[in-house]
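Report on the structure given below.
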Amino acid sequence: MNKTLICAALLAALASTQAFAGVGSDAEALMPAAQRIADPYQRGLAEGWLEIAARQDSHVLVSNVYNDAAARALNNGRHFIDGSVPFQPIYGEKNWPPVETREKWVNALQEIERVNQRASESPCRGEDAGRLSALSDEAWKEQDETHGTRWVHGWDAIERAHKLAQQVNSELDKCVPPTAKPLPQPETPMSLSADALFDFDSAVLQPEGQRQVQLLAKQWLESGAKGRTLGITGYTDRFGSAAHNQRLSQQRARAVADEFEAHGVHAGQVEVKGSGATKPLRVCPGKTATASVVACLAPNRRVEIVEK
């Protein structure tokens with residue numbers, strides 16, 4: 001009878017590990033795509049989650065709740081590479097270990113949290129900061145999993161994230177924030193490249209676009225914004241239907257305006273407009289969207305900001 005129970009338990013464990021067989025190799029195969037991501041913070045997020053996927057795939061888990069941690073981490077890597085899947089947390093809640101028996105763990109987690117917060121507010125956050133964000137989630141996953149068993153494991157994940165947090169903190173100490181482009185004088189529009197702010201055919205600001213607008217908002221507020229208004233107008237190139245281009249240009253202008261407002265600019269001080277493919281800055285021959293024609297038309301894909 002005992003032998004039967006043992007065999008059944010071994011088969012169940014084997015089935016559980018086989019369910020996610022291949023996650024580690026999938027993560028390895030995706031790593032080159034992660035390393036090609038232009039934005040360093042997003043690149044670090046993608047690399048960090050793929051690293052976690054490979055590591056969790058090799059773990060023998062005692063909790064059925066967390067048997068899908070490797071698969072979730074792999075999907076999070078894909079999320080930051082191409083946005084093809086939604087992000088899924090790999091822990092339920094932040095269960096802090098007891099300070100009376102795990103003071104070292106608590107102190108390390110507190111420092112990790114402080115550095116992540118500092119990085120989230122810095123225009124200088126880079127690849128290591130992105131990787132730290134992912135590794136921090138892994139540390140909390142380990143704490144969430146183990147708190148019911150009196151914190152018998154989890155230090156390895158904390159120590160890994162803590163060492164990286166110290167490195168990120170040092171990088172932020174040395175970082176000189178990029179200088180924002182000067183704000184436009186009244187009625188003189190400043191043009192921001194839509195290609196630099198957004199992905200193709202998207203109205204979601206990329207991290208680098210968020211930082212550009214954040215710096216502009218800070219500069220505008222510091223210059224004395226009371227009683228003044230910003231006009232934000234989006235433009236597209238000529239490819240696509242008029243209705244689509246009008247909608248996309250409006251959505252992109254709105255995304256820039258929302259970012260201004262998120263950083264302290266009053267909504268009543270921002271006027272948003274979409275102008276589609278009107279007022280092109282450059283005329284390029286060609287009826288089809290070949291790579292050379294699309295590149296030629298890049299100046300037309302823009303968001304203009306003017307102080308009124």
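Residues are named by chain letter and number: chains run A, B, ... in the order of the structure tokens, numbers start at 1 in each chain, and ligands are numbered from 1 in the order shown.
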| task | Find the residues near Ala70 (chain A): any atom within 6 Å, counting only C-alpha atoms, skip ones fewer than 4 places away on the same chain, and give them as an NGL selection string. | result | :A and (53 or 56-57)
Those same residues - N, CA and C atoms - I'd like them written as a short mmCIF file (atom, residue, chain, number, x, y, z; two decimals), in the first residue's frame.
data_model
loop_
_atom_site.label_atom_id
_atom_site.label_comp_id
_atom_site.auth_asym_id
_atom_site.auth_seq_id
_atom_site.Cartn_x
_atom_site.Cartn_y
_atom_site.Cartn_z
N ALA A 53 12.35 32.69 -15.81
CA ALA A 53 11.67 31.54 -16.41
C ALA A 53 12.58 30.31 -16.42
N GLN A 56 13.16 29.19 -12.65
CA GLN A 56 11.99 28.57 -12.04
C GLN A 56 11.67 27.22 -12.68
N ASP A 57 12.01 27.09 -13.95
CA ASP A 57 11.78 25.83 -14.64
C ASP A 57 12.61 24.70 -14.05
#
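Using only C-alpha atoms, the smallest distance between any of A:Gln206, A:Ser120, A:Gln143, A:Gln212 and Val106 (chain A) comes from A:Gln143.
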| request: Determine the nearest neighbour of Glu138 (chain A) from the options A:His162, A:Lys226, A:His244, A:Arg211, counting only C-alpha atoms. | output: A:His162
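Pairwise distance (CA of Asp173 (chain A), CA of Ala134 (chain A)) equals 21.1 Å.
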| query | Which residues come within 10 Å of Glu159 (chain A), counting only C-alpha atoms, excluding same-chain residues fewer than 3 positions away, as a ChimeraX atom specification? | reply | /A:104-105,108-109,112,139,154-156,162-165
| message | Show me, as a ChimeraX atom specification, the residues that have an atom within 6 Å of region 293-307 of chain A when counting only C-alpha atoms, minus same-chain residues fewer than 3 positions from it. | response | /A:184,186-194,229-237,280-281,289-290
| query | With distances taken over only C-alpha atoms, which of A:Glu261, A:Glu93, A:Asp128, A:Asp39 is nearest to Asn116 (chain A)? | reply | A:Asp128
| said: Write out as a ChimeraX atom specification the set of residues from region 116-273 of chain A that DSSP, computed on the backbone, places in strand (DSSP E or B). | reply: /A:190-193,198,205,230-235,270-273
